[in-house]
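Visitor: Contents of protein-v7.pdb (PDB, C-alpha atoms, pLDDT in the B column) are below:
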```
ATOM      1  CA  MET R 189     -78.264-117.876  90.944  1.00 49.00           C
ATOM      2  CA  LYS R 190     -75.883-114.970  91.551  1.00 49.00           C
ATOM      3  CA  LYS R 191     -73.103-117.063  90.026  1.00 52.00           C
ATOM      4  CA  ALA R 192     -75.071-117.564  86.781  1.00 48.00           C
ATOM      5  CA  LEU R 193     -75.993-113.855  86.520  1.00 47.00           C
ATOM      6  CA  LEU R 194     -72.387-112.835  87.083  1.00 47.00           C
ATOM      7  CA  SER R 195     -71.206-115.236  84.331  1.00 51.00           C
ATOM      8  CA  PHE R 196     -73.797-113.823  81.933  1.00 49.00           C
ATOM      9  CA  SER R 197     -72.608-110.231  82.577  1.00 49.00           C
ATOM     10  CA  PHE R 198     -68.969-111.141  81.875  1.00 50.00           C
ATOM     11  CA  ALA R 199     -70.026-112.919  78.654  1.00 51.00           C
ATOM     12  CA  ALA R 200     -71.963-109.842  77.459  1.00 50.00           C
ATOM     13  CA  LEU R 201     -68.948-107.608  78.112  1.00 49.00           C
ATOM     14  CA  ALA R 202     -66.680-110.022  76.201  1.00 52.00           C
ATOM     15  CA  ILE R 203     -69.021-109.982  73.169  1.00 54.00           C
ATOM     16  CA  ALA R 204     -69.088-106.158  73.198  1.00 53.00           C
ATOM     17  CA  GLY R 205     -65.285-106.057  73.113  1.00 55.00           C
ATOM     18  CA  GLY R 206     -64.882-105.211  76.766  1.00 56.00           C
ATOM     19  CA  LYS R 207     -67.267-102.245  76.543  1.00 60.00           C
ATOM     20  CA  ALA R 208     -70.773-102.032  77.755  1.00 60.00           C
ATOM     21  CA  ALA R 209     -73.236-102.871  74.928  1.00 66.00           C
ATOM     22  CA  ALA R 210     -74.639 -99.790  73.118  1.00 77.00           C
ATOM     23  CA  ASP R 211     -77.580 -99.066  70.825  1.00 91.00           C
ATOM     24  CA  THR R 212     -75.282 -97.940  67.924  1.00 92.00           C
ATOM     25  CA  GLU R 213     -71.768 -98.638  66.743  1.00 93.00           C
ATOM     26  CA  SER R 214     -69.673 -97.042  63.975  1.00 94.00           C
ATOM     27  CA  ALA R 215     -66.439 -97.678  62.122  1.00 95.00           C
ATOM     28  CA  THR R 216     -64.486 -95.820  59.440  1.00 96.00           C
ATOM     29  CA  SER R 217     -63.078 -96.806  56.061  1.00 96.00           C
ATOM     30  CA  ASP R 218     -60.334 -94.994  54.169  1.00 96.00           C
ATOM     31  CA  ILE R 219     -61.182 -94.770  50.463  1.00 96.00           C
ATOM     32  CA  THR R 220     -58.512 -94.195  47.842  1.00 94.00           C
ATOM     33  CA  LEU R 221     -59.029 -93.805  44.112  1.00 91.00           C
ATOM     34  CA  ALA R 222     -55.776 -94.403  42.261  1.00 89.00           C
ATOM     35  CA  ILE R 223     -55.478 -94.540  38.510  1.00 88.00           C
ATOM     36  CA  GLU R 224     -52.600 -96.519  37.082  1.00 91.00           C
ATOM     37  CA  PRO R 225     -51.045 -94.632  34.165  1.00 92.00           C
ATOM     38  CA  VAL R 226     -52.225 -95.777  30.740  1.00 91.00           C
ATOM     39  CA  ILE R 227     -50.843 -94.217  27.560  1.00 91.00           C
ATOM     40  CA  TYR R 228     -52.029 -94.589  23.979  1.00 88.00           C
ATOM     41  CA  ILE R 229     -50.557 -93.771  20.596  1.00 90.00           C
ATOM     42  CA  ALA R 230     -52.770 -94.031  17.536  1.00 89.00           C
ATOM     43  CA  ASN R 231     -53.317 -92.873  13.966  1.00 89.00           C
ATOM     44  CA  VAL R 232     -49.648 -93.179  12.965  1.00 93.00           C
ATOM     45  CA  GLY R 233     -49.478 -93.468   9.199  1.00 93.00           C
ATOM     46  CA  ALA R 234     -46.949 -94.515   6.591  1.00 96.00           C
ATOM     47  CA  ILE R 235     -44.580 -91.995   5.049  1.00 96.00           C
ATOM     48  CA  ASP R 236     -44.037 -92.115   1.286  1.00 95.00           C
ATOM     49  CA  LEU R 237     -41.192 -89.912   0.088  1.00 94.00           C
ATOM     50  CA  THR R 238     -40.991 -89.138  -3.606  1.00 90.00           C
ATOM     51  CA  PRO R 239     -38.123 -86.919  -4.765  1.00 89.00           C
ATOM     52  CA  ASP R 240     -38.578 -85.072  -8.042  1.00 86.00           C
ATOM     53  CA  PRO R 241     -35.442 -85.429 -10.196  1.00 81.00           C
ATOM     54  CA  ALA R 242     -36.751 -82.672 -12.495  1.00 85.00           C
ATOM     55  CA  ALA R 243     -36.744 -80.188  -9.604  1.00 86.00           C
ATOM     56  CA  PRO R 244     -34.126 -81.489  -7.162  1.00 86.00           C
ATOM     57  CA  ALA R 245     -34.725 -80.462  -3.579  1.00 93.00           C
ATOM     58  CA  ALA R 246     -34.922 -81.940  -0.140  1.00 92.00           C
ATOM     59  CA  VAL R 247     -37.928 -84.189   0.286  1.00 94.00           C
ATOM     60  CA  SER R 248     -40.043 -84.439   3.417  1.00 91.00           C
ATOM     61  CA  GLN R 249     -43.428 -85.523   4.645  1.00 92.00           C
ATOM     62  CA  ALA R 250     -45.199 -85.156   7.988  1.00 88.00           C
ATOM     63  CA  ASP R 251     -47.792 -87.297   9.725  1.00 89.00           C
ATOM     64  CA  ASP R 252     -50.194 -86.266  12.483  1.00 86.00           C
ATOM     65  CA  TYR R 253     -51.063 -88.776  15.189  1.00 87.00           C
ATOM     66  CA  CYS R 254     -52.547 -88.991  18.681  1.00 87.00           C
ATOM     67  CA  VAL R 255     -50.950 -89.424  22.101  1.00 87.00           C
ATOM     68  CA  ALA R 256     -53.418 -89.732  24.971  1.00 87.00           C
ATOM     69  CA  GLY R 257     -54.005 -91.469  28.252  1.00 88.00           C
ATOM     70  CA  ILE R 258     -54.925 -91.164  31.878  1.00 88.00           C
ATOM     71  CA  GLY R 259     -53.070 -91.164  35.187  1.00 87.00           C
ATOM     72  CA  PHE R 260     -50.220 -88.870  34.094  1.00 84.00           C
ATOM     73  CA  SER R 261     -49.727 -85.278  32.975  1.00 80.00           C
ATOM     74  CA  SER R 262     -46.704 -85.562  30.700  1.00 80.00           C
ATOM     75  CA  TYR R 263     -44.816 -88.085  28.608  1.00 83.00           C
ATOM     76  CA  VAL R 264     -41.442 -88.706  26.992  1.00 82.00           C
ATOM     77  CA  ILE R 265     -41.248 -89.638  23.309  1.00 84.00           C
ATOM     78  CA  ASN R 266     -38.506 -91.642  21.640  1.00 85.00           C
ATOM     79  CA  PHE R 267     -37.938 -92.431  17.953  1.00 87.00           C
ATOM     80  CA  THR R 268     -35.894 -95.455  16.895  1.00 87.00           C
ATOM     81  CA  SER R 269     -35.003 -96.899  13.516  1.00 89.00           C
ATOM     82  CA  ASP R 270     -35.053-100.588  12.627  1.00 91.00           C
ATOM     83  CA  ASN R 271     -31.884 -99.984  10.608  1.00 88.00           C
ATOM     84  CA  GLY R 272     -30.065 -98.974  13.821  1.00 80.00           C
ATOM     85  CA  GLU R 273     -29.741 -95.357  12.762  1.00 84.00           C
ATOM     86  CA  PHE R 274     -31.994 -92.978  10.902  1.00 89.00           C
ATOM     87  CA  ALA R 275     -31.279 -94.332   7.446  1.00 93.00           C
ATOM     88  CA  LEU R 276     -33.314 -95.786   4.615  1.00 96.00           C
ATOM     89  CA  SER R 277     -31.787 -98.958   3.179  1.00 96.00           C
ATOM     90  CA  ASP R 278     -32.298-100.814  -0.084  1.00 95.00           C
ATOM     91  CA  GLY R 279     -31.122-104.120   1.423  1.00 93.00           C
ATOM     92  CA  SER R 280     -27.990-104.106  -0.753  1.00 92.00           C
ATOM     93  CA  GLY R 281     -25.815-101.961   1.481  1.00 92.00           C
ATOM     94  CA  ASN R 282     -26.946 -98.644   0.014  1.00 94.00           C
ATOM     95  CA  LYS R 283     -28.432 -96.175   2.460  1.00 95.00           C
ATOM     96  CA  ILE R 284     -29.932 -92.711   2.596  1.00 95.00           C
ATOM     97  CA  ASP R 285     -29.821 -90.797   5.892  1.00 93.00           C
ATOM     98  CA  TYR R 286     -32.899 -88.966   7.108  1.00 92.00           C
ATOM     99  CA  THR R 287     -33.889 -86.728   9.995  1.00 88.00           C
ATOM    100  CA  VAL R 288     -36.947 -86.893  12.221  1.00 87.00           C
ATOM    101  CA  GLY R 289     -38.793 -83.779  13.317  1.00 84.00           C
ATOM    102  CA  PHE R 290     -41.328 -83.802  16.151  1.00 81.00           C
ATOM    103  CA  ASP R 291     -43.885 -81.414  17.570  1.00 77.00           C
ATOM    104  CA  ASP R 292     -46.589 -81.984  20.153  1.00 73.00           C
ATOM    105  CA  VAL R 293     -49.032 -80.062  17.956  1.00 70.00           C
ATOM    106  CA  ALA R 294     -50.816 -81.616  14.979  1.00 60.00           C
ATOM    107  CA  SER R 295     -50.034 -80.319  11.473  1.00 59.00           C
ATOM    108  CA  SER R 296     -46.664 -78.938  12.469  1.00 56.00           C
ATOM    109  CA  GLY R 297     -44.130 -81.649  11.682  1.00 52.00           C
ATOM    110  CA  GLY R 298     -41.615 -79.943  13.891  1.00 56.00           C
ATOM    111  CA  SER R 299     -38.052 -78.929  13.294  1.00 57.00           C
ATOM    112  CA  PRO R 300     -35.632 -81.805  12.871  1.00 52.00           C
ATOM    113  CA  VAL R 301     -34.772 -82.897  16.373  1.00 58.00           C
ATOM    114  CA  TYR R 302     -32.946 -86.061  15.428  1.00 51.00           C
ATOM    115  CA  ALA R 303     -30.054 -86.448  13.048  1.00 49.00           C
ATOM    116  CA  PRO R 304     -28.807 -89.864  11.905  1.00 48.00           C
ATOM    117  CA  ALA R 305     -26.358 -90.057  14.815  1.00 44.00           C
ATOM    118  CA  ASP R 306     -29.019 -89.168  17.442  1.00 52.00           C
ATOM    119  CA  TYR R 307     -31.060 -92.352  17.299  1.00 48.00           C
ATOM    120  CA  ASN R 308     -32.511 -93.810  20.484  1.00 51.00           C
ATOM    121  CA  THR R 309     -32.486 -90.519  22.404  1.00 55.00           C
ATOM    122  CA  ASP R 310     -35.500 -89.416  24.460  1.00 60.00           C
ATOM    123  CA  TYR R 311     -37.120 -86.176  23.376  1.00 58.00           C
ATOM    124  CA  ASN R 312     -37.999 -83.768  26.151  1.00 55.00           C
ATOM    125  CA  THR R 313     -41.179 -84.049  28.211  1.00 57.00           C
ATOM    126  CA  GLN R 314     -44.450 -83.296  26.461  1.00 63.00           C
ATOM    127  CA  SER R 315     -47.857 -82.371  27.865  1.00 64.00           C
ATOM    128  CA  LYS R 316     -50.702 -84.777  27.324  1.00 64.00           C
ATOM    129  CA  ALA R 317     -53.667 -83.173  25.577  1.00 62.00           C
ATOM    130  CA  ASP R 318     -56.339 -85.861  25.581  1.00 70.00           C
ATOM    131  CA  THR R 319     -57.520 -88.849  27.606  1.00 80.00           C
ATOM    132  CA  SER R 320     -58.371 -90.963  24.562  1.00 81.00           C
ATOM    133  CA  CYS R 321     -57.569 -91.283  20.869  1.00 82.00           C
ATOM    134  CA  SER R 322     -61.167 -91.599  19.764  1.00 78.00           C
ATOM    135  CA  GLY R 323     -62.072 -90.918  16.163  1.00 69.00           C
ATOM    136  CA  THR R 324     -59.507 -88.815  14.367  1.00 64.00           C
ATOM    137  CA  THR R 325     -58.069 -86.966  17.361  1.00 72.00           C
ATOM    138  CA  GLU R 326     -54.529 -85.916  16.447  1.00 80.00           C
ATOM    139  CA  ASN R 327     -52.390 -83.824  18.762  1.00 80.00           C
ATOM    140  CA  ALA R 328     -48.799 -84.507  17.706  1.00 82.00           C
ATOM    141  CA  SER R 329     -46.788 -84.615  14.506  1.00 83.00           C
ATOM    142  CA  PHE R 330     -43.541 -86.030  13.176  1.00 86.00           C
ATOM    143  CA  GLN R 331     -41.752 -85.273   9.934  1.00 88.00           C
ATOM    144  CA  ILE R 332     -39.251 -87.294   7.938  1.00 92.00           C
ATOM    145  CA  SER R 333     -36.794 -85.302   5.838  1.00 91.00           C
ATOM    146  CA  VAL R 334     -34.135 -86.402   3.359  1.00 94.00           C
ATOM    147  CA  ALA R 335     -31.598 -83.859   2.144  1.00 94.00           C
ATOM    148  CA  GLN R 336     -31.253 -83.439  -1.606  1.00 95.00           C
ATOM    149  CA  ALA R 337     -27.578 -84.459  -1.557  1.00 95.00           C
ATOM    150  CA  ASP R 338     -28.418 -87.673   0.329  1.00 95.00           C
ATOM    151  CA  TRP R 339     -31.020 -88.994  -2.096  1.00 93.00           C
ATOM    152  CA  GLN R 340     -29.071 -87.794  -5.140  1.00 93.00           C
ATOM    153  CA  ALA R 341     -26.022 -89.756  -3.916  1.00 94.00           C
ATOM    154  CA  GLN R 342     -28.142 -92.893  -4.472  1.00 94.00           C
ATOM    155  CA  SER R 343     -29.587 -91.812  -7.842  1.00 89.00           C
ATOM    156  CA  THR R 344     -28.152 -94.886  -9.629  1.00 91.00           C
ATOM    157  CA  ALA R 345     -29.875 -97.263  -7.204  1.00 92.00           C
ATOM    158  CA  LEU R 346     -33.075 -95.203  -7.427  1.00 89.00           C
ATOM    159  CA  ASP R 347     -32.858 -95.233 -11.247  1.00 88.00           C
ATOM    160  CA  ASN R 348     -32.581 -99.035 -11.086  1.00 91.00           C
ATOM    161  CA  GLY R 349     -35.888 -99.185  -9.200  1.00 91.00           C
ATOM    162  CA  ASN R 350     -34.413 -99.890  -5.774  1.00 92.00           C
ATOM    163  CA  GLN R 351     -36.690 -98.913  -2.921  1.00 94.00           C
ATOM    164  CA  PHE R 352     -35.173 -97.547   0.254  1.00 96.00           C
ATOM    165  CA  THR R 353     -37.108 -98.372   3.409  1.00 96.00           C
ATOM    166  CA  ASP R 354     -36.973 -98.250   7.176  1.00 96.00           C
ATOM    167  CA  THR R 355     -39.379 -98.793  10.030  1.00 96.00           C
ATOM    168  CA  LEU R 356     -39.550 -95.928  12.501  1.00 93.00           C
ATOM    169  CA  THR R 357     -40.766 -96.895  15.971  1.00 92.00           C
ATOM    170  CA  ILE R 358     -42.358 -94.166  18.078  1.00 91.00           C
ATOM    171  CA  THR R 359     -42.377 -94.987  21.785  1.00 89.00           C
ATOM    172  CA  VAL R 360     -44.270 -92.895  24.322  1.00 88.00           C
ATOM    173  CA  THR R 361     -43.683 -93.362  28.038  1.00 87.00           C
ATOM    174  CA  THR R 362     -45.625 -91.822  30.917  1.00 87.00           C
ATOM    175  CA  GLU R 363     -43.696 -89.520  33.165  1.00 81.00           C
TER     176      GLU R 363
END
```
Step by step, read the file and then write its structure as structure tokens.

Guide:
Amino acid sequence: MKKALLSFSFAALAIAGGKAAADTESATSDITLAIEPVIYIANVGAIDLTPDPAAPAAVSQADDYCVAGIGFSSYVINFTSDNGEFALSDGSGNKIDYTVGFDDVASSGGSPVYAPADYNTDYNTQSKADTSCSGTTENASFQISVAQADWQAQSTALDNGNQFTDTLTITVTTE
């Protein structure tokens, strides 16, 4: 009988992990909340430039848009042109250079920060203002400008009805 009681005691200690059984037991868990960075860009519109031959001047237009997200505090913005440089093309070899201005405030347009030779260059770090682009939230602006001399140099093509186009890609990257 002592042999059976002794075996039972060793079994109880083995189940309790080598400790005497207790009325309560506790354990801990480390909890981490991590948010993977997510960035949005929205409300980017088309730019229609219309020079006025009757009152020749540089022509420009700005567009407000939204940059937002979560999991980061700043971002880098980059503008690239489908034509390989900041130039409008009529598809026949004629081109008109343009500049891109940027500001991280809506309704500003910004000073030209890119010239035709500066394509595919990151613009300095910007602060994020919002966590979402809901509704009509706009917190940044870009402006396209064409110098008078540049569009006038293509006045014959413009007079013939040629349209000069480009696709500007705006890329925002979390930092």

Visitor: List the spatial neighbours of R:Ala341 as a PyMOL selection string - criterion: any atom at most 10 Å away, only C-alpha atoms, same-chain residues fewer than 3 positions off excluded.

Guide: chain R and resi 282-284+336-338+344-346

Visitor: As a list of chain:residue names, please: the residues near R:Ala245 (cut-off 10 Å, all atoms listed in the file, same-chain neighbours under 5 positions excluded).

Guide: R:Pro239, R:Asp240, R:Val334, R:Ala335, R:Gln336, R:Ala337, R:Trp339, R:Gln340

Visitor: Report as number ranges by chain the full result of the PyMOL selection byres ((chain R and resi 225-229) around 7) when it is applied to this structure.

Guide: R: 223-224, 230, 254-260, 362

Visitor: Could you write those residues out with C-alpha atoms, as a PDB file, keeping the file's coordinate frame?

Guide:
```
ATOM      1  CA  ILE R 223     -55.478 -94.540  38.510  1.00 88.00           C
ATOM      2  CA  GLU R 224     -52.600 -96.519  37.082  1.00 91.00           C
ATOM      3  CA  ALA R 230     -52.770 -94.031  17.536  1.00 89.00           C
ATOM      4  CA  CYS R 254     -52.547 -88.991  18.681  1.00 87.00           C
ATOM      5  CA  VAL R 255     -50.950 -89.424  22.101  1.00 87.00           C
ATOM      6  CA  ALA R 256     -53.418 -89.732  24.971  1.00 87.00           C
ATOM      7  CA  GLY R 257     -54.005 -91.469  28.252  1.00 88.00           C
ATOM      8  CA  ILE R 258     -54.925 -91.164  31.878  1.00 88.00           C
ATOM      9  CA  GLY R 259     -53.070 -91.164  35.187  1.00 87.00           C
ATOM     10  CA  PHE R 260     -50.220 -88.870  34.094  1.00 84.00           C
ATOM     11  CA  THR R 362     -45.625 -91.822  30.917  1.00 87.00           C
TER      12      THR R 362
END
```

Visitor: Closest to R:Asp354 among R:Leu221, R:Ile332, R:Leu276, R:Leu237, using all atoms listed in the file?

Guide: R:Leu276

Visitor: Would you mind reading off the distance between atom CA of R:Ala234 and atom CA of R:Asp251, one decimal, in Å?

Guide: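 We find that atom CA of R:Ala234 and atom CA of R:Asp251 lie 7.9 Å from each other.
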
Visitor: Taking into account only C-alpha atoms, which residue in the set R:Ala215, R:Ala210, R:Val232, R:Ala246 is nearest to R:Phe330?

Guide: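 Between R:Ala215, R:Ala210, R:Val232, R:Ala246, the residue approaching R:Phe330 most closely is R:Val232.
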
Visitor: Can you translate the PyMOL selection byres ((chain R and resi 249) around 8) into the concrete residues it hits in this file, as a list in words?

Guide: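 What the PyMOL selection byres ((chain R and resi 249) around 8) grabs from the file is Ile235, Asp236, Leu237, Val247, Ser248, Ala250, Asp251, Gln331, Ile332 and Ser333 of chain R.
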
Visitor: Return as an MDAnalysis selection string the set of residues that the PyMOL selection byres ((chain R and resi 292) around 6) yields on the displayed structure.

Guide: chainID R and resid 291 293 328

Visitor: Which is closest to R:Ile265 among R:Gly233, R:Gly349, R:Gly279, R:Gly289, if we use only C-alpha atoms?

Guide: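 The answer is R:Gly289, which sits nearest to R:Ile265.
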
Visitor: Any idea what the distance is between atom CA of R:Val360 and atom CA of R:Thr325?

Guide: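 Between atom CA of R:Val360 and atom CA of R:Thr325 the gap works out to 16.6 Å.
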
Visitor: Do you have the atom CA of R:Ser277-atom CA of R:Val264 distance handy?

Guide: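 Straight-line distance from atom CA of R:Ser277 to atom CA of R:Val264 works out to 27.7 Å.
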
Visitor: Please return stretch 247-258 of chain R, rebuilt to all heavy atoms, as an mmCIF file, in the frame of the given file.

Guide:
```cif
data_model
loop_
_atom_site.group_PDB
_atom_site.id
_atom_site.type_symbol
_atom_site.label_atom_id
_atom_site.label_comp_id
_atom_site.auth_asym_id
_atom_site.auth_seq_id
_atom_site.Cartn_x
_atom_site.Cartn_y
_atom_site.Cartn_z
ATOM 1 N N VAL R 247 -36.592 -83.623 0.298
ATOM 2 C CA VAL R 247 -37.928 -84.189 0.286
ATOM 3 C C VAL R 247 -38.331 -84.498 1.732
ATOM 4 O O VAL R 247 -37.511 -84.978 2.517
ATOM 5 C CB VAL R 247 -38.007 -85.441 -0.623
ATOM 6 C CG1 VAL R 247 -37.085 -86.537 -0.155
ATOM 7 C CG2 VAL R 247 -39.421 -85.943 -0.754
ATOM 8 N N SER R 248 -39.578 -84.169 2.059
ATOM 9 C CA SER R 248 -40.043 -84.439 3.417
ATOM 10 C C SER R 248 -41.548 -84.660 3.412
ATOM 11 O O SER R 248 -42.248 -84.247 2.488
ATOM 12 C CB SER R 248 -39.680 -83.296 4.368
ATOM 13 O OG SER R 248 -40.335 -82.113 3.982
ATOM 14 N N GLN R 249 -41.995 -85.315 4.454
ATOM 15 C CA GLN R 249 -43.428 -85.523 4.645
ATOM 16 C C GLN R 249 -43.685 -85.659 6.140
ATOM 17 O O GLN R 249 -42.904 -86.273 6.864
ATOM 18 C CB GLN R 249 -43.928 -86.763 3.913
ATOM 19 C CG GLN R 249 -45.425 -86.953 4.071
ATOM 20 C CD GLN R 249 -45.943 -88.156 3.297
ATOM 21 O OE1 GLN R 249 -45.294 -88.661 2.396
ATOM 22 N NE2 GLN R 249 -47.121 -88.604 3.667
ATOM 23 N N ALA R 250 -44.813 -85.092 6.579
ATOM 24 C CA ALA R 250 -45.199 -85.156 7.988
ATOM 25 C C ALA R 250 -46.427 -86.041 8.156
ATOM 26 O O ALA R 250 -47.170 -86.292 7.203
ATOM 27 C CB ALA R 250 -45.492 -83.756 8.514
ATOM 28 N N ASP R 251 -46.614 -86.509 9.382
ATOM 29 C CA ASP R 251 -47.792 -87.297 9.725
ATOM 30 C C ASP R 251 -48.278 -86.872 11.102
ATOM 31 O O ASP R 251 -47.484 -86.774 12.041
ATOM 32 C CB ASP R 251 -47.458 -88.793 9.729
ATOM 33 C CG ASP R 251 -48.678 -89.644 10.011
ATOM 34 O OD1 ASP R 251 -49.686 -89.486 9.307
ATOM 35 O OD2 ASP R 251 -48.632 -90.448 10.956
ATOM 36 N N ASP R 252 -49.577 -86.599 11.199
ATOM 37 C CA ASP R 252 -50.194 -86.266 12.483
ATOM 38 C C ASP R 252 -50.683 -87.550 13.139
ATOM 39 O O ASP R 252 -51.139 -88.469 12.452
ATOM 40 C CB ASP R 252 -51.377 -85.318 12.284
ATOM 41 C CG ASP R 252 -50.956 -83.980 11.711
ATOM 42 O OD1 ASP R 252 -49.784 -83.608 11.857
ATOM 43 O OD2 ASP R 252 -51.817 -83.304 11.109
ATOM 44 N N TYR R 253 -50.612 -87.599 14.447
ATOM 45 C CA TYR R 253 -51.063 -88.776 15.189
ATOM 46 C C TYR R 253 -51.541 -88.339 16.569
ATOM 47 O O TYR R 253 -51.516 -87.148 16.902
ATOM 48 C CB TYR R 253 -49.965 -89.838 15.277
ATOM 49 C CG TYR R 253 -48.705 -89.372 15.954
ATOM 50 C CD1 TYR R 253 -48.463 -89.656 17.286
ATOM 51 C CD2 TYR R 253 -47.750 -88.638 15.258
ATOM 52 C CE1 TYR R 253 -47.308 -89.227 17.909
ATOM 53 C CE2 TYR R 253 -46.593 -88.202 15.881
ATOM 54 C CZ TYR R 253 -46.383 -88.500 17.200
ATOM 55 O OH TYR R 253 -45.243 -88.063 17.814
ATOM 56 N N CYS R 254 -51.977 -89.287 17.372
ATOM 57 C CA CYS R 254 -52.547 -88.991 18.681
ATOM 58 C C CYS R 254 -51.745 -89.654 19.792
ATOM 59 O O CYS R 254 -51.384 -90.818 19.693
ATOM 60 C CB CYS R 254 -53.995 -89.491 18.731
ATOM 61 S SG CYS R 254 -54.764 -89.341 20.355
ATOM 62 N N VAL R 255 -51.490 -88.887 20.852
ATOM 63 C CA VAL R 255 -50.950 -89.424 22.101
ATOM 64 C C VAL R 255 -51.945 -89.029 23.189
ATOM 65 O O VAL R 255 -52.301 -87.853 23.310
ATOM 66 C CB VAL R 255 -49.561 -88.851 22.434
ATOM 67 C CG1 VAL R 255 -49.079 -89.361 23.790
ATOM 68 C CG2 VAL R 255 -48.572 -89.197 21.343
ATOM 69 N N ALA R 256 -52.424 -90.005 23.936
ATOM 70 C CA ALA R 256 -53.418 -89.732 24.971
ATOM 71 C C ALA R 256 -53.260 -90.730 26.102
ATOM 72 O O ALA R 256 -52.486 -91.673 26.010
ATOM 73 C CB ALA R 256 -54.818 -89.820 24.374
ATOM 74 N N GLY R 257 -54.025 -90.529 27.148
ATOM 75 C CA GLY R 257 -54.005 -91.469 28.252
ATOM 76 C C GLY R 257 -54.596 -90.870 29.500
ATOM 77 O O GLY R 257 -55.195 -89.795 29.486
ATOM 78 N N ILE R 258 -54.381 -91.573 30.587
ATOM 79 C CA ILE R 258 -54.925 -91.164 31.878
ATOM 80 C C ILE R 258 -53.943 -91.584 32.969
ATOM 81 O O ILE R 258 -53.181 -92.527 32.802
ATOM 82 C CB ILE R 258 -56.325 -91.784 32.094
ATOM 83 C CG1 ILE R 258 -57.043 -91.123 33.255
ATOM 84 C CG2 ILE R 258 -56.261 -93.280 32.238
ATOM 85 C CD1 ILE R 258 -58.532 -91.417 33.287
#
```
